[in-house]
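A.B. asks: Here it is: the structure, laid out below.
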Amino acid sequence: MTRTALPLIAILALVGACDSAVGIPAEQPGSASSTTETPSDDSQAATPTTAAPTTTTTPPIPPGPPVGEVPGNPDAAMALRPFVGDLIGGGIGVVTARCWTVPPTEIPAMYVDTEAILAAVATRGVDGQYAVTWTGPIATVSVKRSEIASGYACPTVYPTGTAPVFDAADAVYTVDRYLGRLAGIPVNPSDVEETYPLVCDGRQTWDALGTGVPTAPPLVQNPNILPGITSFDPDSVFVTGQNGIYTQVNADIIDASGAYQNRTFVLAVGGEGYCIGDIA
């Protein structure tokens, strides 16, 4: 809403300074410049030794609550650690400010059980088709790929043994973010389509009307379905219907000509959660 270098071993060379004092006879006992005195055993040059082989060490894990590594995806744990640290060290207020990809109304309830979250993230993560998950005895923590790529992963948390549920708040917030971008008032300056996709992908699976002939989502085929808008009413954005996997959200907007419009957004659930596939 947002979703190590190895230590360098420096080799220092010791350089001895020559004694520039004058008047010290070269043959004087103990003189460092004497060339005729037979060196004692203690003054023999040290026998060269073989340098210890350089070993490769793993990058140090940042301090804070443990987060289990994910085989094949080291970036996942790295991105989740800052969130876990903020949740424990700063609480709900801190993560709410940083987790702008999550509906603000859902954060207090979803992140309330910190002990269950800590127990989950301490386990080894599993890299799935759309997300990485850490499963604990009570809660499962799931992170989308866009969250991992951002470097600060705000997860979805749901009871272990169930599937994540995308509800009306998620659908409304998806439309809020989409309209905010078009109106030039995104929820965060980083909220752009290339990084956080809100439009459904172009697979030929869209069939909101139940025709039996799926196509690519209409919004993919025609990205300019919605004319330029100058503003919208956030209080007017609400879910008006659901048909199987498709959810309908209505919103009041004002277009570039100043005309008022009520538009209908049709959403489905994709790899990043809710996505918009059509606007009527």
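Residues are named by chain letter and number: chains run A, B, ... in the order of the structure tokens, numbers start at 1 in each chain, and ligands are numbered from 1 in the order shown.
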In stretch 40-263 of chain A, what's strand (DSSP E or B) per DSSP? Answer as a ChimeraX atom specification?

C.D. replies: /A:126-127,131-135,139-144,156-159,199,206,215,229-232,238-243,246-255,260-263

A.B. asks: Show which residues sit within 12 Å of A:Val102, as a PyMOL selection string. Count only C-alpha atoms, and ignore same-chain residues fewer than 6 positions away.

C.D. replies: chain A and resi 1-3+95-96+108-111+143-144+147+153-157+166+169-174+176-177+187-188+191+196+272-274

A.B. asks: Using the selection just defined, write its residues with N, CA, C and O atoms as a compact mmCIF listing (two decimals), in the first residue's frame.

C.D. replies:
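The file below, out_19.txt, is the result:
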```
# COMPACT_ATOMS: atom_id res chain seq x y z
N MET A 1 0.54 -0.31 0.00
CA MET A 1 0.00 0.00 0.00
C MET A 1 0.91 0.51 0.00
O MET A 1 1.06 0.16 -0.78
N THR A 2 3.72 -0.37 -0.39
CA THR A 2 4.20 -0.19 -0.18
C THR A 2 4.80 -0.76 -0.74
O THR A 2 4.64 -1.87 -0.63
N ARG A 3 2.08 -2.93 -1.50
CA ARG A 3 3.60 -4.71 -0.99
C ARG A 3 5.23 -5.43 -1.72
O ARG A 3 6.34 -2.66 -1.58
N VAL A 95 1.96 0.11 11.78
CA VAL A 95 1.75 -0.70 10.58
C VAL A 95 0.57 -0.17 9.74
O VAL A 95 0.57 -0.33 8.52
N THR A 96 -0.39 0.47 10.37
CA THR A 96 -1.49 1.05 9.59
C THR A 96 -0.97 2.14 8.66
O THR A 96 -1.38 2.23 7.50
N PRO A 108 -6.90 -3.43 12.26
CA PRO A 108 -6.94 -3.73 13.70
C PRO A 108 -7.35 -5.16 14.01
O PRO A 108 -6.75 -5.81 14.88
N ALA A 109 -8.36 -5.69 13.30
CA ALA A 109 -8.81 -7.05 13.58
C ALA A 109 -7.85 -8.09 13.03
O ALA A 109 -7.61 -9.13 13.66
N MET A 110 -7.27 -7.83 11.87
CA MET A 110 -6.42 -8.83 11.22
C MET A 110 -5.07 -8.98 11.93
O MET A 110 -4.51 -10.07 11.99
N TYR A 111 -4.55 -7.90 12.50
CA TYR A 111 -3.23 -7.94 13.12
C TYR A 111 -3.29 -7.92 14.65
O TYR A 111 -2.28 -7.68 15.30
N VAL A 143 1.76 -13.55 2.11
CA VAL A 143 2.29 -12.32 1.53
C VAL A 143 2.27 -12.42 0.01
O VAL A 143 2.80 -13.37 -0.57
N LYS A 144 1.66 -11.43 -0.64
CA LYS A 144 1.59 -11.41 -2.09
C LYS A 144 2.94 -11.00 -2.69
O LYS A 144 3.77 -10.39 -2.03
N GLU A 147 3.92 -7.34 -2.59
CA GLU A 147 4.37 -6.92 -1.27
C GLU A 147 5.84 -7.29 -1.06
O GLU A 147 6.62 -6.51 -0.50
N ALA A 153 6.63 -6.07 3.40
CA ALA A 153 5.49 -6.91 3.09
C ALA A 153 4.41 -6.82 4.16
O ALA A 153 4.62 -7.18 5.31
N CYS A 154 3.25 -6.32 3.76
CA CYS A 154 2.08 -6.28 4.64
C CYS A 154 1.23 -7.52 4.35
O CYS A 154 0.66 -7.63 3.26
N PRO A 155 1.14 -8.45 5.28
CA PRO A 155 0.52 -9.74 4.97
C PRO A 155 -0.98 -9.76 5.17
O PRO A 155 -1.57 -8.88 5.80
N THR A 156 -1.57 -10.80 4.61
CA THR A 156 -2.94 -11.19 4.95
C THR A 156 -2.84 -12.26 6.02
O THR A 156 -2.06 -13.20 5.89
N VAL A 157 -3.60 -12.11 7.09
CA VAL A 157 -3.58 -13.07 8.20
C VAL A 157 -4.97 -13.68 8.34
O VAL A 157 -5.97 -12.95 8.40
N PHE A 166 -11.69 -12.63 0.80
CA PHE A 166 -11.71 -11.25 0.34
C PHE A 166 -13.15 -10.76 0.42
O PHE A 166 -14.04 -11.28 -0.26
N ALA A 169 -15.06 -5.06 2.13
CA ALA A 169 -14.09 -3.99 2.40
C ALA A 169 -12.93 -4.04 1.41
O ALA A 169 -12.43 -2.99 0.96
N ASP A 170 -12.49 -5.25 1.06
CA ASP A 170 -11.41 -5.38 0.08
C ASP A 170 -11.85 -4.90 -1.29
O ASP A 170 -11.08 -4.23 -2.01
N ALA A 171 -13.07 -5.24 -1.70
CA ALA A 171 -13.58 -4.82 -3.00
C ALA A 171 -13.71 -3.30 -3.08
O ALA A 171 -13.29 -2.67 -4.07
N VAL A 172 -14.28 -2.70 -2.04
CA VAL A 172 -14.44 -1.25 -2.01
C VAL A 172 -13.09 -0.55 -2.05
O VAL A 172 -12.89 0.44 -2.78
N TYR A 173 -12.14 -1.05 -1.28
CA TYR A 173 -10.83 -0.41 -1.22
C TYR A 173 -10.10 -0.51 -2.55
O TYR A 173 -9.36 0.41 -2.94
N THR A 174 -10.31 -1.62 -3.27
CA THR A 174 -9.70 -1.76 -4.59
C THR A 174 -10.20 -0.67 -5.53
O THR A 174 -9.41 -0.04 -6.25
N ASP A 176 -11.58 2.23 -4.56
CA ASP A 176 -11.07 3.50 -4.02
C ASP A 176 -9.66 3.80 -4.55
O ASP A 176 -9.37 4.93 -4.97
N ARG A 177 -8.79 2.81 -4.49
CA ARG A 177 -7.41 3.01 -4.95
C ARG A 177 -7.37 3.29 -6.45
O ARG A 177 -6.62 4.17 -6.91
N VAL A 187 -3.73 6.72 -2.83
CA VAL A 187 -3.59 6.55 -1.38
C VAL A 187 -2.14 6.65 -0.96
O VAL A 187 -1.85 6.92 0.21
N ASN A 188 -1.22 6.43 -1.90
CA ASN A 188 0.20 6.57 -1.64
C ASN A 188 0.88 6.88 -2.97
O ASN A 188 0.46 6.36 -4.00
N ASP A 191 1.62 3.99 -5.24
CA ASP A 191 0.52 3.14 -5.70
C ASP A 191 0.30 3.33 -7.19
O ASP A 191 -0.55 4.12 -7.63
N TYR A 196 1.71 -2.31 -8.26
CA TYR A 196 0.58 -2.89 -7.53
C TYR A 196 -0.62 -3.00 -8.46
O TYR A 196 -1.47 -2.11 -8.52
N GLU A 272 -3.39 -11.22 -6.93
CA GLU A 272 -3.07 -10.13 -6.00
C GLU A 272 -4.29 -9.73 -5.17
O GLU A 272 -4.33 -8.65 -4.60
N GLY A 273 -5.30 -10.58 -5.11
CA GLY A 273 -6.53 -10.23 -4.42
C GLY A 273 -7.56 -9.76 -5.43
O GLY A 273 -7.58 -10.22 -6.58
N TYR A 274 -8.42 -8.81 -5.03
CA TYR A 274 -9.42 -8.31 -5.96
C TYR A 274 -8.77 -7.55 -7.12
O TYR A 274 -7.80 -6.81 -6.94
```

A.B. asks: So that I can check the surroundings of A:Phe265, please list as an mmCIF file with N, CA and C atoms, in the first residue's frame every protein, DNA and RNA residue that reaches within 9 Å of it, counting only C-alpha atoms and ignoring chain neighbours fewer than 4 positions away.

C.D. replies:
```cif
data_model
loop_
_atom_site.group_PDB
_atom_site.id
_atom_site.type_symbol
_atom_site.label_atom_id
_atom_site.label_comp_id
_atom_site.auth_asym_id
_atom_site.auth_seq_id
_atom_site.Cartn_x
_atom_site.Cartn_y
_atom_site.Cartn_z
ATOM 1 N N VAL A 175 -11.503 -0.394 -5.516
ATOM 2 C CA VAL A 175 -12.073 0.661 -6.365
ATOM 3 C C VAL A 175 -11.621 2.036 -5.877
ATOM 4 N N THR A 247 -17.812 -9.672 -8.254
ATOM 5 C CA THR A 247 -18.387 -8.727 -7.296
ATOM 6 C C THR A 247 -18.605 -7.388 -7.991
ATOM 7 N N GLN A 248 -19.741 -6.778 -7.740
ATOM 8 C CA GLN A 248 -20.097 -5.505 -8.368
ATOM 9 C C GLN A 248 -20.004 -4.380 -7.342
ATOM 10 N N VAL A 249 -19.302 -3.308 -7.708
ATOM 11 C CA VAL A 249 -19.124 -2.140 -6.839
ATOM 12 C C VAL A 249 -19.538 -0.896 -7.620
ATOM 13 N N ASN A 250 -20.356 -0.055 -7.019
ATOM 14 C CA ASN A 250 -20.769 1.198 -7.655
ATOM 15 C C ASN A 250 -20.059 2.381 -7.011
ATOM 16 N N ALA A 251 -19.870 3.441 -7.812
ATOM 17 C CA ALA A 251 -19.205 4.642 -7.305
ATOM 18 C C ALA A 251 -19.676 5.860 -8.085
ATOM 19 N N ILE A 276 -9.976 -5.453 -10.992
ATOM 20 C CA ILE A 276 -11.090 -4.889 -11.761
ATOM 21 C C ILE A 276 -10.989 -5.386 -13.193
ATOM 22 N N GLY A 277 -12.103 -5.961 -13.698
ATOM 23 C CA GLY A 277 -12.081 -6.489 -15.058
ATOM 24 C C GLY A 277 -12.975 -5.748 -16.021
ATOM 25 N N ASP A 278 -13.945 -4.992 -15.494
ATOM 26 C CA ASP A 278 -14.864 -4.297 -16.384
ATOM 27 C C ASP A 278 -15.460 -3.106 -15.652
ATOM 28 N N ILE A 279 -15.829 -2.071 -16.409
ATOM 29 C CA ILE A 279 -16.497 -0.888 -15.873
ATOM 30 C C ILE A 279 -17.668 -0.583 -16.783
ATOM 31 N N ALA A 280 -18.861 -0.462 -16.201
ATOM 32 C CA ALA A 280 -20.057 -0.178 -16.998
ATOM 33 C C ALA A 280 -20.631 1.183 -16.618
#
```

A.B. asks: So which residues touch A:Arg81 within 9 Å, counting only C-alpha atoms, skipping near sequence neighbours fewer than 2 positions away, as number ranges by chain?

C.D. replies: A: 62, 64-67, 76-79, 83-86, 152-153

A.B. asks: Can you check which parts of stretch 63-83 of chain A lie within 6 Å of stretch 123-128 of chain A? Per residue, the shortest pair of atoms and distance in Å to one decimal, counting only C-alpha atoms, sorted by chain and number, as CSV.

C.D. replies:
```
residue,atom,partner,partner_atom,distance
A:Gly68,CA,A:Arg124,CA,4.4
A:Glu69,CA,A:Arg124,CA,5.5
A:Val70,CA,A:Gly125,CA,4.6
```

A.B. asks: Take the selection from the previous step and output its residues with N, CA and C atoms, as a PDB file, in the first residue's frame.

C.D. replies:
```pdb
ATOM      1  N   GLY A  68      10.904 -17.161   9.562  1.00  0.00           N
ATOM      2  CA  GLY A  68      11.425 -18.331   8.887  1.00  0.00           C
ATOM      3  C   GLY A  68      11.784 -18.059   7.435  1.00  0.00           C
ATOM      4  N   GLU A  69      12.906 -18.635   7.006  1.00  0.00           N
ATOM      5  CA  GLU A  69      13.319 -18.479   5.620  1.00  0.00           C
ATOM      6  C   GLU A  69      12.392 -19.249   4.695  1.00  0.00           C
ATOM      7  N   VAL A  70      12.423 -18.861   3.419  1.00  0.00           N
ATOM      8  CA  VAL A  70      11.587 -19.498   2.403  1.00  0.00           C
ATOM      9  C   VAL A  70      12.499 -20.116   1.363  1.00  0.00           C
TER      10      VAL A  70
END
```

A.B. asks: Using DSSP assignments from the backbone, pull out every residue in stretch 190-274 of chain A that falls under helix (DSSP H, G or I) and give it to me as a ChimeraX atom specification.

C.D. replies: /A:218-221,234-236

A.B. asks: For A:Tyr158, please output as a compact mmCIF listing (two decimals) with C-alpha atoms, in the first residue's frame all residues within 8 Å (counting only C-alpha atoms; exclusion window: fewer than 3 positions along the same chain).

C.D. replies:
```
# COMPACT_ATOMS: atom_id res chain seq x y z
CA MET A 110 -6.42 -8.83 11.22
CA ALA A 139 -2.84 -18.20 12.26
CA THR A 140 -1.51 -18.35 8.71
CA VAL A 141 0.41 -15.39 7.32
CA THR A 162 -9.10 -21.95 6.24
CA ALA A 163 -8.60 -19.98 3.02
CA PRO A 164 -8.12 -16.20 2.90
```

A.B. asks: For a quick check of understanding, using only C-alpha atoms, which of A:Ile245, A:Ala268, A:Ala208, A:Gln261 has the smallest distance to A:Ile229?

C.D. replies: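 Using only C-alpha atoms, the shortest distance to A:Ile229 belongs to A:Gln261.
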
A.B. asks: Write out as an mmCIF file with all heavy atoms, in the first residue's frame which residues come within 12 Å of A:Pro218 when counting only C-alpha atoms, dropping same-chain ones fewer than 4 positions away.

C.D. replies:
```cif
data_model
loop_
_atom_site.group_PDB
_atom_site.id
_atom_site.type_symbol
_atom_site.label_atom_id
_atom_site.label_comp_id
_atom_site.auth_asym_id
_atom_site.auth_seq_id
_atom_site.Cartn_x
_atom_site.Cartn_y
_atom_site.Cartn_z
ATOM 1 N N VAL A 199 -5.865 -3.982 -12.067
ATOM 2 C CA VAL A 199 -6.620 -4.445 -13.236
ATOM 3 C C VAL A 199 -6.323 -5.930 -13.429
ATOM 4 O O VAL A 199 -5.170 -6.356 -13.350
ATOM 5 C CB VAL A 199 -6.242 -3.640 -14.487
ATOM 6 C CG1 VAL A 199 -6.970 -4.180 -15.719
ATOM 7 C CG2 VAL A 199 -6.559 -2.164 -14.286
ATOM 8 N N CYS A 200 -7.356 -6.714 -13.700
ATOM 9 C CA CYS A 200 -7.169 -8.157 -13.915
ATOM 10 C C CYS A 200 -6.232 -8.398 -15.096
ATOM 11 O O CYS A 200 -6.160 -7.583 -16.028
ATOM 12 C CB CYS A 200 -8.508 -8.830 -14.162
ATOM 13 S SG CYS A 200 -9.673 -8.710 -12.779
ATOM 14 N N ASP A 201 -5.521 -9.505 -15.060
ATOM 15 C CA ASP A 201 -4.597 -9.802 -16.162
ATOM 16 C C ASP A 201 -5.360 -10.240 -17.407
ATOM 17 O O ASP A 201 -6.581 -10.399 -17.393
ATOM 18 C CB ASP A 201 -3.565 -10.853 -15.743
ATOM 19 C CG ASP A 201 -4.195 -12.189 -15.380
ATOM 20 O OD1 ASP A 201 -5.111 -12.632 -16.102
ATOM 21 O OD2 ASP A 201 -3.769 -12.808 -14.383
ATOM 22 N N GLY A 202 -4.625 -10.414 -18.496
ATOM 23 C CA GLY A 202 -5.247 -10.624 -19.792
ATOM 24 C C GLY A 202 -5.590 -12.057 -20.148
ATOM 25 O O GLY A 202 -5.876 -12.336 -21.321
ATOM 26 N N ARG A 203 -5.615 -12.950 -19.193
ATOM 27 C CA ARG A 203 -5.973 -14.327 -19.522
ATOM 28 C C ARG A 203 -7.422 -14.428 -20.012
ATOM 29 O O ARG A 203 -8.286 -13.662 -19.579
ATOM 30 C CB ARG A 203 -5.767 -15.234 -18.297
ATOM 31 C CG ARG A 203 -4.304 -15.454 -17.931
ATOM 32 C CD ARG A 203 -4.198 -16.318 -16.688
ATOM 33 N NE ARG A 203 -4.765 -15.638 -15.519
ATOM 34 C CZ ARG A 203 -4.986 -16.232 -14.350
ATOM 35 N NH1 ARG A 203 -4.697 -17.523 -14.205
ATOM 36 N NH2 ARG A 203 -5.491 -15.544 -13.341
ATOM 37 N N GLN A 204 -7.663 -15.385 -20.869
ATOM 38 C CA GLN A 204 -8.991 -15.564 -21.464
ATOM 39 C C GLN A 204 -9.900 -16.355 -20.508
ATOM 40 O O GLN A 204 -10.359 -17.467 -20.810
ATOM 41 C CB GLN A 204 -8.859 -16.315 -22.793
ATOM 42 C CG GLN A 204 -7.927 -15.663 -23.798
ATOM 43 C CD GLN A 204 -8.578 -14.475 -24.488
ATOM 44 O OE1 GLN A 204 -9.749 -14.513 -24.842
ATOM 45 N NE2 GLN A 204 -7.813 -13.412 -24.695
ATOM 46 N N THR A 205 -10.162 -15.750 -19.352
ATOM 47 C CA THR A 205 -10.970 -16.450 -18.344
ATOM 48 C C THR A 205 -12.162 -15.620 -17.879
ATOM 49 O O THR A 205 -12.904 -16.051 -16.998
ATOM 50 C CB THR A 205 -10.097 -16.798 -17.121
ATOM 51 O OG1 THR A 205 -9.518 -15.585 -16.592
ATOM 52 C CG2 THR A 205 -8.981 -17.758 -17.495
ATOM 53 N N TRP A 206 -12.366 -14.453 -18.470
ATOM 54 C CA TRP A 206 -13.411 -13.537 -17.997
ATOM 55 C C TRP A 206 -14.761 -13.910 -18.605
ATOM 56 O O TRP A 206 -14.923 -13.965 -19.821
ATOM 57 C CB TRP A 206 -13.046 -12.103 -18.351
ATOM 58 C CG TRP A 206 -13.980 -11.090 -17.759
ATOM 59 C CD1 TRP A 206 -15.087 -10.552 -18.341
ATOM 60 C CD2 TRP A 206 -13.894 -10.499 -16.459
ATOM 61 N NE1 TRP A 206 -15.698 -9.657 -17.497
ATOM 62 C CE2 TRP A 206 -14.988 -9.607 -16.324
ATOM 63 C CE3 TRP A 206 -12.997 -10.639 -15.402
ATOM 64 C CZ2 TRP A 206 -15.204 -8.849 -15.182
ATOM 65 C CZ3 TRP A 206 -13.201 -9.885 -14.256
ATOM 66 C CH2 TRP A 206 -14.296 -9.010 -14.143
ATOM 67 N N ASP A 207 -15.759 -14.156 -17.750
ATOM 68 C CA ASP A 207 -17.108 -14.474 -18.227
ATOM 69 C C ASP A 207 -18.127 -14.023 -17.186
ATOM 70 O O ASP A 207 -18.916 -14.810 -16.662
ATOM 71 C CB ASP A 207 -17.234 -15.974 -18.505
ATOM 72 C CG ASP A 207 -18.533 -16.315 -19.239
ATOM 73 O OD1 ASP A 207 -19.162 -15.386 -19.810
ATOM 74 O OD2 ASP A 207 -18.935 -17.493 -19.223
ATOM 75 N N ALA A 208 -18.114 -12.726 -16.890
ATOM 76 C CA ALA A 208 -18.994 -12.186 -15.849
ATOM 77 C C ALA A 208 -20.465 -12.314 -16.202
ATOM 78 O O ALA A 208 -21.320 -12.362 -15.310
ATOM 79 C CB ALA A 208 -18.645 -10.719 -15.597
ATOM 80 N N LEU A 209 -20.790 -12.395 -17.489
ATOM 81 C CA LEU A 209 -22.195 -12.500 -17.910
ATOM 82 C C LEU A 209 -22.645 -13.946 -18.058
ATOM 83 O O LEU A 209 -23.808 -14.214 -18.395
ATOM 84 C CB LEU A 209 -22.404 -11.754 -19.237
ATOM 85 C CG LEU A 209 -22.120 -10.244 -19.209
ATOM 86 C CD1 LEU A 209 -22.324 -9.649 -20.582
ATOM 87 C CD2 LEU A 209 -22.992 -9.550 -18.171
ATOM 88 N N PRO A 214 -15.500 -17.549 -22.369
ATOM 89 C CA PRO A 214 -14.641 -16.589 -21.657
ATOM 90 C C PRO A 214 -13.726 -15.827 -22.609
ATOM 91 O O PRO A 214 -13.320 -16.352 -23.656
ATOM 92 C CB PRO A 214 -13.839 -17.484 -20.708
ATOM 93 C CG PRO A 214 -13.874 -18.836 -21.324
ATOM 94 C CD PRO A 214 -15.186 -18.942 -22.027
ATOM 95 N N ASN A 222 -9.778 -2.656 -23.373
ATOM 96 C CA ASN A 222 -10.000 -1.217 -23.564
ATOM 97 C C ASN A 222 -9.717 -0.485 -22.251
ATOM 98 O O ASN A 222 -10.626 -0.246 -21.452
ATOM 99 C CB ASN A 222 -11.434 -0.947 -24.022
ATOM 100 C CG ASN A 222 -11.703 0.547 -24.228
ATOM 101 O OD1 ASN A 222 -10.775 1.355 -24.275
ATOM 102 N ND2 ASN A 222 -12.971 0.912 -24.328
ATOM 103 N N PRO A 223 -8.456 -0.135 -21.994
ATOM 104 C CA PRO A 223 -8.106 0.523 -20.728
ATOM 105 C C PRO A 223 -8.762 1.872 -20.524
ATOM 106 O O PRO A 223 -8.776 2.400 -19.409
ATOM 107 C CB PRO A 223 -6.573 0.666 -20.826
ATOM 108 C CG PRO A 223 -6.147 -0.300 -21.882
ATOM 109 C CD PRO A 223 -7.293 -0.376 -22.844
ATOM 110 N N ASN A 224 -9.321 2.466 -21.601
ATOM 111 C CA ASN A 224 -9.919 3.805 -21.512
ATOM 112 C C ASN A 224 -11.433 3.756 -21.404
ATOM 113 O O ASN A 224 -12.125 4.692 -21.826
ATOM 114 C CB ASN A 224 -9.501 4.636 -22.724
ATOM 115 C CG ASN A 224 -8.004 4.848 -22.802
ATOM 116 O OD1 ASN A 224 -7.367 5.128 -21.784
ATOM 117 N ND2 ASN A 224 -7.439 4.699 -23.984
ATOM 118 N N ILE A 225 -11.956 2.666 -20.846
ATOM 119 C CA ILE A 225 -13.408 2.584 -20.657
ATOM 120 C C ILE A 225 -13.901 3.769 -19.836
ATOM 121 O O ILE A 225 -14.918 4.394 -20.160
ATOM 122 C CB ILE A 225 -13.792 1.271 -19.952
ATOM 123 C CG1 ILE A 225 -13.561 0.079 -20.873
ATOM 124 C CG2 ILE A 225 -15.262 1.307 -19.511
ATOM 125 C CD1 ILE A 225 -13.857 -1.253 -20.212
ATOM 126 N N LEU A 226 -13.189 4.089 -18.776
ATOM 127 C CA LEU A 226 -13.602 5.189 -17.907
ATOM 128 C C LEU A 226 -12.923 6.469 -18.369
ATOM 129 O O LEU A 226 -11.697 6.526 -18.484
ATOM 130 C CB LEU A 226 -13.208 4.885 -16.458
ATOM 131 C CG LEU A 226 -13.788 5.813 -15.385
ATOM 132 C CD1 LEU A 226 -15.304 5.651 -15.302
ATOM 133 C CD2 LEU A 226 -13.167 5.493 -14.025
ATOM 134 N N PHE A 265 -18.371 -1.095 -11.314
ATOM 135 C CA PHE A 265 -17.103 -1.809 -11.469
ATOM 136 C C PHE A 265 -17.345 -3.290 -11.189
ATOM 137 O O PHE A 265 -17.972 -3.634 -10.185
ATOM 138 C CB PHE A 265 -16.061 -1.255 -10.504
ATOM 139 C CG PHE A 265 -15.730 0.197 -10.727
ATOM 140 C CD1 PHE A 265 -16.593 1.193 -10.293
ATOM 141 C CD2 PHE A 265 -14.570 0.567 -11.379
ATOM 142 C CE1 PHE A 265 -16.313 2.531 -10.513
ATOM 143 C CE2 PHE A 265 -14.270 1.898 -11.597
ATOM 144 C CZ PHE A 265 -15.144 2.888 -11.163
ATOM 145 N N VAL A 266 -16.835 -4.138 -12.067
ATOM 146 C CA VAL A 266 -16.974 -5.580 -11.885
ATOM 147 C C VAL A 266 -15.599 -6.140 -11.545
ATOM 148 O O VAL A 266 -14.623 -5.934 -12.286
ATOM 149 C CB VAL A 266 -17.549 -6.258 -13.136
ATOM 150 C CG1 VAL A 266 -17.767 -7.750 -12.868
ATOM 151 C CG2 VAL A 266 -18.851 -5.590 -13.557
ATOM 152 N N LEU A 267 -15.529 -6.838 -10.408
ATOM 153 C CA LEU A 267 -14.260 -7.341 -9.889
ATOM 154 C C LEU A 267 -14.280 -8.860 -9.781
ATOM 155 O O LEU A 267 -15.341 -9.481 -9.631
ATOM 156 C CB LEU A 267 -13.957 -6.750 -8.508
ATOM 157 C CG LEU A 267 -13.691 -5.257 -8.382
ATOM 158 C CD1 LEU A 267 -14.960 -4.437 -8.462
ATOM 159 C CD2 LEU A 267 -12.972 -4.947 -7.070
ATOM 160 N N ILE A 276 -9.976 -5.453 -10.992
ATOM 161 C CA ILE A 276 -11.090 -4.889 -11.761
ATOM 162 C C ILE A 276 -10.989 -5.386 -13.193
ATOM 163 O O ILE A 276 -9.947 -5.239 -13.844
ATOM 164 C CB ILE A 276 -11.053 -3.355 -11.712
ATOM 165 C CG1 ILE A 276 -11.071 -2.865 -10.261
ATOM 166 C CG2 ILE A 276 -12.238 -2.762 -12.491
ATOM 167 C CD1 ILE A 276 -10.829 -1.371 -10.107
ATOM 168 N N GLY A 277 -12.103 -5.961 -13.698
ATOM 169 C CA GLY A 277 -12.081 -6.489 -15.058
ATOM 170 C C GLY A 277 -12.975 -5.748 -16.021
ATOM 171 O O GLY A 277 -12.801 -5.836 -17.239
ATOM 172 N N ASP A 278 -13.945 -4.992 -15.494
ATOM 173 C CA ASP A 278 -14.864 -4.297 -16.384
ATOM 174 C C ASP A 278 -15.460 -3.106 -15.652
ATOM 175 O O ASP A 278 -15.570 -3.091 -14.403
ATOM 176 C CB ASP A 278 -15.991 -5.241 -16.843
ATOM 177 C CG ASP A 278 -16.762 -4.710 -18.043
ATOM 178 O OD1 ASP A 278 -16.349 -3.670 -18.605
ATOM 179 O OD2 ASP A 278 -17.771 -5.337 -18.421
ATOM 180 N N ILE A 279 -15.829 -2.071 -16.409
ATOM 181 C CA ILE A 279 -16.497 -0.888 -15.873
ATOM 182 C C ILE A 279 -17.668 -0.583 -16.783
ATOM 183 O O ILE A 279 -17.523 -0.470 -18.004
ATOM 184 C CB ILE A 279 -15.564 0.327 -15.798
ATOM 185 C CG1 ILE A 279 -14.311 0.011 -14.976
ATOM 186 C CG2 ILE A 279 -16.293 1.535 -15.205
ATOM 187 C CD1 ILE A 279 -13.260 1.106 -14.991
ATOM 188 N N ALA A 280 -18.861 -0.462 -16.201
ATOM 189 C CA ALA A 280 -20.057 -0.178 -16.998
ATOM 190 C C ALA A 280 -20.631 1.183 -16.618
ATOM 191 O O ALA A 280 -20.361 1.723 -15.552
ATOM 192 C CB ALA A 280 -21.107 -1.259 -16.762
#
```

A.B. asks: Which value, in Å to one decimal, gives the distance between atom CA of A:Thr195 and atom CA of A:Ile88?

C.D. replies: 27.2 Å

A.B. asks: Excluding same-chain residues fewer than 3 positions from A:Pro227, what lies within 12 Å of it counting only C-alpha atoms, as a list of chain:residue names?

C.D. replies: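 Neighbouring residues, sequence-local ones excluded: A:Leu179, A:Leu182, A:Ala183, A:Asn222, A:Pro223, A:Asn224, A:Thr230, A:Ser231, A:Ile253, A:Ile254, A:Asp255, A:Ala256, A:Ser257, A:Gly258, A:Ala259, A:Tyr260, A:Gln261, A:Arg263, A:Ile279, A:Ala280.
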
A.B. asks: To one decimal in Å, tell me the separation between atom CA of A:Cys275 and atom CA of A:Pro197.

C.D. replies: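 Taking atom CA of A:Cys275 as the start and atom CA of A:Pro197 as the end point, the length is 7.7 Å.
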